[in-house]
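Q: Structure file query-v5.csv (CSV, N, CA and C atoms) is given on the next line.
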chain,number,residue,atom,x,y,z
N,271,MET,N,12.9,-12.9,-8.3
N,271,MET,CA,12.3,-14.1,-8.8
N,271,MET,C,12.5,-14.1,-10.3
N,272,ILE,N,13.6,-14.5,-10.7
N,272,ILE,CA,13.9,-14.6,-12.2
N,272,ILE,C,12.9,-15.6,-12.8
N,273,PHE,N,12.5,-16.5,-12.1
N,273,PHE,CA,11.5,-17.5,-12.6
N,273,PHE,C,10.3,-16.8,-13.2
N,274,VAL,N,9.8,-15.7,-12.6
N,274,VAL,CA,8.6,-15.0,-13.1
N,274,VAL,C,9.0,-14.3,-14.4
N,275,TYR,N,10.1,-13.7,-14.5
N,275,TYR,CA,10.5,-13.1,-15.8
N,275,TYR,C,10.5,-14.1,-16.9
N,276,ASN,N,11.1,-15.3,-16.7
N,276,ASN,CA,11.2,-16.3,-17.7
N,276,ASN,C,9.8,-16.8,-18.0
N,277,MET,N,8.9,-16.9,-17.1
N,277,MET,CA,7.6,-17.4,-17.3
N,277,MET,C,6.8,-16.4,-18.1
N,278,LEU,N,7.0,-15.1,-18.0
N,278,LEU,CA,6.3,-14.1,-18.7
N,278,LEU,C,6.6,-14.1,-20.2
N,279,ASP,N,7.7,-14.7,-20.6
N,279,ASP,CA,8.1,-14.7,-22.0
N,279,ASP,C,7.1,-15.6,-22.8
N,280,ALA,N,6.4,-16.5,-22.2
N,280,ALA,CA,5.4,-17.4,-22.8
N,280,ALA,C,4.0,-16.8,-22.9
N,281,PHE,N,3.8,-15.6,-22.3
N,281,PHE,CA,2.5,-15.0,-22.3
N,281,PHE,C,2.2,-14.5,-23.7
N,282,PRO,N,0.9,-14.4,-24.1
N,282,PRO,CA,0.5,-13.9,-25.4
N,282,PRO,C,0.9,-12.4,-25.5
N,283,ASP,N,1.1,-12.0,-26.7
N,283,ASP,CA,1.5,-10.6,-27.0
N,283,ASP,C,0.5,-9.6,-26.5
N,284,THR,N,-0.8,-10.0,-26.4
N,284,THR,CA,-1.8,-9.1,-25.9
N,284,THR,C,-1.7,-8.7,-24.5
N,285,GLU,N,-0.9,-9.5,-23.7
N,285,GLU,CA,-0.7,-9.3,-22.3
N,285,GLU,C,0.6,-8.6,-22.0
N,286,LYS,N,1.5,-8.4,-23.0
N,286,LYS,CA,2.8,-7.8,-22.7
N,286,LYS,C,2.7,-6.5,-22.0
N,287,PHE,N,1.7,-5.7,-22.2
N,287,PHE,CA,1.6,-4.4,-21.6
N,287,PHE,C,0.5,-4.3,-20.5
N,288,ALA,N,0.0,-5.4,-20.2
N,288,ALA,CA,-1.1,-5.5,-19.2
N,288,ALA,C,-0.6,-6.4,-18.0
N,289,LEU,N,-1.1,-7.6,-18.1
N,289,LEU,CA,-0.8,-8.5,-17.0
N,289,LEU,C,0.7,-8.7,-16.8
N,290,CYS,N,1.5,-8.8,-17.9
N,290,CYS,CA,3.0,-9.0,-17.8
N,290,CYS,C,3.6,-7.8,-17.1
N,291,ASN,N,3.2,-6.6,-17.5
N,291,ASN,CA,3.7,-5.4,-16.9
N,291,ASN,C,3.4,-5.4,-15.4
N,292,GLN,N,2.2,-5.7,-15.0
N,292,GLN,CA,1.8,-5.7,-13.6
N,292,GLN,C,2.6,-6.7,-12.8
N,293,MET,N,2.8,-7.9,-13.4
N,293,MET,CA,3.6,-8.9,-12.7
N,293,MET,C,5.0,-8.5,-12.5
N,294,ARG,N,5.6,-7.9,-13.6
N,294,ARG,CA,7.0,-7.5,-13.5
N,294,ARG,C,7.2,-6.4,-12.4
N,295,ARG,N,6.2,-5.5,-12.4
N,295,ARG,CA,6.3,-4.4,-11.4
N,295,ARG,C,6.2,-5.0,-10.0
N,296,ALA,N,5.3,-6.0,-9.8
N,296,ALA,CA,5.1,-6.6,-8.5
N,296,ALA,C,6.4,-7.3,-8.0
N,297,VAL,N,6.9,-8.1,-9.0
N,297,VAL,CA,8.1,-8.9,-8.6
N,297,VAL,C,9.3,-8.1,-8.3
N,298,VAL,N,9.5,-7.0,-9.0
N,298,VAL,CA,10.6,-6.1,-8.7
N,298,VAL,C,10.4,-5.3,-7.4
N,299,SER,N,9.1,-5.0,-7.1
N,299,SER,CA,8.8,-4.3,-5.9
N,299,SER,C,9.1,-5.0,-4.6
N,300,ILE,N,9.1,-6.3,-4.6
N,300,ILE,CA,9.4,-7.1,-3.4
N,300,ILE,C,10.8,-6.9,-2.9
N,301,PRO,N,11.8,-7.2,-3.6
N,301,PRO,CA,13.2,-6.9,-3.1
N,301,PRO,C,13.5,-5.5,-2.9
N,302,SER,N,12.9,-4.6,-3.8
N,302,SER,CA,13.2,-3.2,-3.7
N,302,SER,C,12.7,-2.6,-2.4
N,303,ASN,N,11.5,-3.0,-2.0
N,303,ASN,CA,10.9,-2.5,-0.8
N,303,ASN,C,11.7,-3.1,0.5
N,304,ILE,N,12.1,-4.3,0.4
N,304,ILE,CA,12.9,-4.9,1.5
N,304,ILE,C,14.2,-4.1,1.6
N,305,ALA,N,14.9,-3.8,0.5
N,305,ALA,CA,16.1,-3.1,0.6
N,305,ALA,C,15.9,-1.7,1.1
N,306,GLU,N,14.9,-1.0,0.6
N,306,GLU,CA,14.6,0.4,1.1
N,306,GLU,C,14.2,0.4,2.6
N,307,GLY,N,13.4,-0.6,3.0
N,307,GLY,CA,13.1,-0.6,4.4
N,307,GLY,C,14.3,-0.9,5.3
N,308,MET,N,15.1,-1.8,4.9
N,308,MET,CA,16.3,-2.1,5.7
N,308,MET,C,17.3,-1.0,5.7
N,309,GLY,N,17.2,-0.1,4.8
N,309,GLY,CA,18.1,1.1,4.7
N,309,GLY,C,17.6,2.2,5.6
N,310,ARG,N,16.4,2.0,6.2
N,310,ARG,CA,15.9,3.1,7.0
N,310,ARG,C,16.2,2.8,8.5
N,311,ILE,N,16.4,3.9,9.2
N,311,ILE,CA,16.8,3.8,10.6
N,311,ILE,C,15.5,3.6,11.5
N,312,SER,N,14.4,4.2,11.1
N,312,SER,CA,13.2,4.1,11.9
N,312,SER,C,12.6,2.7,11.8
N,313,GLU,N,12.2,2.2,13.0
N,313,GLU,CA,11.5,0.9,13.0
N,313,GLU,C,10.2,1.0,12.3
N,314,LYS,N,9.5,2.1,12.5
N,314,LYS,CA,8.2,2.3,11.8
N,314,LYS,C,8.4,2.2,10.3
N,315,ASP,N,9.4,2.9,9.8
N,315,ASP,CA,9.7,2.9,8.3
N,315,ASP,C,10.1,1.5,7.8
N,316,GLN,N,10.9,0.8,8.6
N,316,GLN,CA,11.3,-0.6,8.3
N,316,GLN,C,10.0,-1.5,8.2
N,317,ALA,N,9.2,-1.4,9.1
N,317,ALA,CA,8.0,-2.2,9.1
N,317,ALA,C,7.1,-1.8,8.0
N,318,HIS,N,7.0,-0.6,7.7
N,318,HIS,CA,6.1,-0.1,6.5
N,318,HIS,C,6.6,-0.7,5.2
N,319,PHE,N,7.9,-0.7,5.0
N,319,PHE,CA,8.4,-1.2,3.7
N,319,PHE,C,8.4,-2.7,3.6
N,320,LEU,N,8.5,-3.4,4.8
N,320,LEU,CA,8.3,-4.9,4.8
N,320,LEU,C,6.9,-5.2,4.5
N,321,ASN,N,5.9,-4.4,5.0
N,321,ASN,CA,4.5,-4.6,4.7
N,321,ASN,C,4.2,-4.4,3.2
N,322,VAL,N,4.8,-3.3,2.6
N,322,VAL,CA,4.6,-3.1,1.2
N,322,VAL,C,5.2,-4.2,0.4
N,323,ALA,N,6.3,-4.8,0.8
N,323,ALA,CA,6.9,-5.9,0.1
N,323,ALA,C,6.0,-7.1,0.1
N,324,TYR,N,5.4,-7.3,1.3
N,324,TYR,CA,4.4,-8.4,1.4
N,324,TYR,C,3.2,-8.2,0.6
N,325,GLY,N,2.7,-7.0,0.5
N,325,GLY,CA,1.6,-6.7,-0.3
N,325,GLY,C,1.9,-6.9,-1.8
N,326,SER,N,3.1,-6.6,-2.2
N,326,SER,CA,3.5,-6.8,-3.6
N,326,SER,C,3.6,-8.3,-3.9
N,327,LEU,N,4.0,-9.1,-2.9
N,327,LEU,CA,4.1,-10.6,-3.0
N,327,LEU,C,2.7,-11.1,-3.2
N,328,MET,N,1.7,-10.6,-2.4
N,328,MET,CA,0.4,-11.1,-2.6
N,328,MET,C,-0.3,-10.7,-3.9
N,329,GLU,N,0.1,-9.5,-4.3
N,329,GLU,CA,-0.3,-9.0,-5.6
N,329,GLU,C,0.2,-9.9,-6.8
N,330,LEU,N,1.4,-10.3,-6.7
N,330,LEU,CA,2.0,-11.2,-7.7
N,330,LEU,C,1.3,-12.5,-7.7
N,331,TYR,N,1.0,-13.0,-6.5
N,331,TYR,CA,0.3,-14.3,-6.4
N,331,TYR,C,-1.1,-14.2,-7.0
N,332,ALA,N,-1.8,-13.2,-6.7
N,332,ALA,CA,-3.1,-13.0,-7.3
N,332,ALA,C,-3.1,-12.9,-8.8
N,333,GLN,N,-2.1,-12.2,-9.3
N,333,GLN,CA,-1.9,-12.1,-10.8
N,333,GLN,C,-1.5,-13.4,-11.4
N,334,ALA,N,-0.7,-14.2,-10.7
N,334,ALA,CA,-0.4,-15.5,-11.2
N,334,ALA,C,-1.6,-16.4,-11.3
N,335,ASP,N,-2.4,-16.3,-10.3
N,335,ASP,CA,-3.7,-17.1,-10.2
N,335,ASP,C,-4.6,-16.7,-11.4
N,336,ILE,N,-4.6,-15.4,-11.8
N,336,ILE,CA,-5.4,-15.0,-13.0
N,336,ILE,C,-4.7,-15.6,-14.2
N,337,ALA,N,-3.4,-15.5,-14.3
N,337,ALA,CA,-2.7,-16.1,-15.5
N,337,ALA,C,-2.9,-17.6,-15.6
N,338,TYR,N,-3.0,-18.2,-14.5
N,338,TYR,CA,-3.2,-19.7,-14.5
N,338,TYR,C,-4.6,-20.0,-15.0
N,339,ASP,N,-5.6,-19.2,-14.5
N,339,ASP,CA,-7.0,-19.4,-14.9
N,339,ASP,C,-7.1,-19.2,-16.4
N,340,LEU,N,-6.3,-18.2,-16.9
N,340,LEU,CA,-6.4,-17.9,-18.4
N,340,LEU,C,-5.5,-18.9,-19.2
N,341,LYS,N,-4.9,-19.8,-18.5
N,341,LYS,CA,-4.1,-20.9,-19.1
N,341,LYS,C,-2.8,-20.3,-19.8
N,342,TYR,N,-2.3,-19.2,-19.2
N,342,TYR,CA,-1.1,-18.6,-19.7
N,342,TYR,C,0.1,-19.3,-19.0
N,343,ILE,N,-0.1,-19.9,-17.9
N,343,ILE,CA,1.0,-20.7,-17.2
N,343,ILE,C,0.5,-22.1,-16.9
N,344,SER,N,1.4,-23.0,-16.9
N,344,SER,CA,1.1,-24.4,-16.6
N,344,SER,C,0.8,-24.6,-15.1
N,345,THR,N,0.3,-25.8,-14.8
N,345,THR,CA,0.1,-26.1,-13.4
N,345,THR,C,1.4,-26.2,-12.7
N,346,GLU,N,2.4,-26.8,-13.4
N,346,GLU,CA,3.7,-27.0,-12.8
N,346,GLU,C,4.3,-25.6,-12.5
N,347,SER,N,4.2,-24.7,-13.5
N,347,SER,CA,4.8,-23.3,-13.2
N,347,SER,C,4.0,-22.6,-12.1
N,348,PHE,N,2.7,-22.8,-12.1
N,348,PHE,CA,1.9,-22.1,-11.0
N,348,PHE,C,2.3,-22.7,-9.6
N,349,ASN,N,2.5,-24.0,-9.6
N,349,ASN,CA,2.9,-24.7,-8.3
N,349,ASN,C,4.3,-24.2,-7.9
N,350,GLN,N,5.2,-24.1,-8.8
N,350,GLN,CA,6.5,-23.6,-8.5
N,350,GLN,C,6.5,-22.2,-8.0
N,351,LEU,N,5.7,-21.3,-8.6
N,351,LEU,CA,5.6,-20.0,-8.1
N,351,LEU,C,4.9,-19.9,-6.8
N,352,GLU,N,3.9,-20.8,-6.6
N,352,GLU,CA,3.2,-20.8,-5.3
N,352,GLU,C,4.2,-21.2,-4.1
N,353,GLU,N,5.1,-22.1,-4.4
N,353,GLU,CA,6.1,-22.5,-3.4
N,353,GLU,C,7.1,-21.4,-3.1
N,354,GLN,N,7.5,-20.6,-4.2
N,354,GLN,CA,8.3,-19.5,-4.0
N,354,GLN,C,7.6,-18.4,-3.2
N,355,VAL,N,6.4,-18.2,-3.5
N,355,VAL,CA,5.6,-17.2,-2.7
N,355,VAL,C,5.5,-17.6,-1.2
N,356,GLU,N,5.3,-18.8,-1.0
N,356,GLU,CA,5.2,-19.3,0.4
N,356,GLU,C,6.6,-19.1,1.1
N,357,SER,N,7.6,-19.5,0.4
N,357,SER,CA,9.0,-19.3,1.0
N,357,SER,C,9.3,-17.9,1.3
N,358,ILE,N,9.0,-17.0,0.3
N,358,ILE,CA,9.3,-15.6,0.5
N,358,ILE,C,8.5,-15.0,1.6
N,359,SER,N,7.2,-15.4,1.7
N,359,SER,CA,6.4,-15.0,2.8
N,359,SER,C,6.9,-15.3,4.1
N,360,LYS,N,7.4,-16.5,4.3
N,360,LYS,CA,8.0,-16.9,5.6
N,360,LYS,C,9.3,-16.1,5.9
N,361,MET,N,10.1,-15.8,4.8
N,361,MET,CA,11.3,-15.0,5.0
N,361,MET,C,10.9,-13.6,5.4
N,362,LEU,N,9.9,-13.0,4.8
N,362,LEU,CA,9.5,-11.7,5.2
N,362,LEU,C,9.0,-11.6,6.6
N,363,GLN,N,8.2,-12.7,7.0
N,363,GLN,CA,7.8,-12.7,8.4
N,363,GLN,C,8.9,-12.8,9.4
N,364,ALA,N,9.9,-13.7,9.0
N,364,ALA,CA,11.1,-13.8,9.9
N,364,ALA,C,11.8,-12.5,10.0
N,365,LEU,N,12.0,-11.9,8.9
N,365,LEU,CA,12.7,-10.6,8.9
N,365,LEU,C,12.0,-9.5,9.7
N,366,TYR,N,10.7,-9.5,9.6
N,366,TYR,CA,9.9,-8.6,10.4
N,366,TYR,C,10.1,-8.8,11.9
N,367,TYR,N,10.0,-10.1,12.3
N,367,TYR,CA,10.2,-10.3,13.7
N,367,TYR,C,11.6,-10.2,14.2
N,368,LEU,N,12.6,-10.5,13.4
N,368,LEU,CA,14.0,-10.3,13.8
N,368,LEU,C,14.3,-8.8,13.9
N,369,ARG,N,13.8,-8.0,13.0
N,369,ARG,CA,13.9,-6.6,13.1
N,369,ARG,C,13.3,-6.1,14.4
N,370,LYS,N,12.1,-6.5,14.6
N,370,LYS,CA,11.4,-6.1,15.8
N,370,LYS,C,12.0,-6.5,17.1
N,371,ASN,N,12.6,-7.7,17.2
N,371,ASN,CA,13.2,-8.2,18.4
N,371,ASN,C,14.6,-7.7,18.6
N,372,ASN,N,15.2,-7.1,17.6
N,372,ASN,CA,16.6,-6.6,17.7
N,372,ASN,C,16.7,-5.1,18.0
N,373,THR,N,15.5,-4.5,18.2
N,373,THR,CA,15.5,-3.0,18.5
N,373,THR,C,15.4,-2.7,20.0
Spell out the structure here as structure tokens.

A:
Amino acid sequence: MIFVYNMLDAFPDTEKFALCNQMRRAVVSIPSNIAEGMGRISEKDQAHFLNVAYGSLMELYAQADIAYDLKYISTESFNQLEEQVESISKMLQALYYLRKNNT
């Protein structure tokens, strides 16, 4: 989600090592855990890493909600992020079930 990185540029300097750092870590964790999980042979490991990716997605969403409440991001940006979160959530769910049904 390059969108998140671009959005974080507008945050105040006081948040660069707090909320910004947390959001960057969460957004990088999502594809990283998907890749790691799909690189595992064990179905249990694959499911675990997909669950971790989903958890990171929800963490990002919660942090964005906090940033929105603090007025660090606009309504338009929050809505765009919310749409991306929903889309990624659906993709993760589909990947989880495709993986499960192909074993």

Q: Find the nearest atom pair between each residue of segment 306-331 of chain N and segment 275-297 of chain N for residues within 10 Å, count only C-alpha atoms, give distances in Å to one decimal, sort rows by chain and ascending number, and present the table as JSON lines.

A:
{"residue": "N:Ala323", "atom": "CA", "partner": "N:Ala296", "partner_atom": "CA", "distance": 8.8}
{"residue": "N:Gly325", "atom": "CA", "partner": "N:Ala296", "partner_atom": "CA", "distance": 8.9}
{"residue": "N:Ser326", "atom": "CA", "partner": "N:Ala296", "partner_atom": "CA", "distance": 5.2}
{"residue": "N:Leu327", "atom": "CA", "partner": "N:Ala296", "partner_atom": "CA", "distance": 6.9}
{"residue": "N:Met328", "atom": "CA", "partner": "N:Ala296", "partner_atom": "CA", "distance": 8.8}
{"residue": "N:Glu329", "atom": "CA", "partner": "N:Ala296", "partner_atom": "CA", "distance": 6.6}
{"residue": "N:Leu330", "atom": "CA", "partner": "N:Ala296", "partner_atom": "CA", "distance": 5.6}
{"residue": "N:Tyr331", "atom": "CA", "partner": "N:Met293", "partner_atom": "CA", "distance": 8.9}

Q: With distances taken over only N, CA and C atoms, which residue among N:Ser344, N:Ser299, N:Asn349, N:Ser359 lies nearest Val322 of chain N?

A: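 Result for the nearest residue to Val322 of chain N: N:Ser299.
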
Q: Point out the residue among N:Ser312, N:Ile300, N:Ala334, N:Tyr324 with the least atom-to-atom distance to Gln350 of chain N, counting only C-alpha atoms.

A: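 Going through N:Ser312, N:Ile300, N:Ala334, N:Tyr324 one by one, the smallest distance to Gln350 of chain N is for N:Ala334.
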
Q: Among the residues of chain N, find those DSSP assigns to alpha helix (DSSP H) from the backbone and print them as a PyMOL selection string.

A: chain N and resi 272-278+289-308+313-339+345-371

Q: Take atom CA of Pro301 of chain N and atom CA of Ala364 of chain N and report the distance between them in Å, one decimal.

A: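 These atoms are spaced 14.9 Å apart.
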
Q: Which value, in Å to one decimal, gives the distance between atom CA of Glu313 of chain N and atom C of Leu362 of chain N?

A: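 Atom-to-atom, atom CA of Glu313 of chain N to atom C of Leu362 of chain N, that is 14.3 Å.
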
Q: With all atoms listed in the file as the atoms that count, which of N:Leu365, N:Leu320, N:Ile272, N:Ile336 lies nearest to Ile304 of chain N?

A: N:Leu320
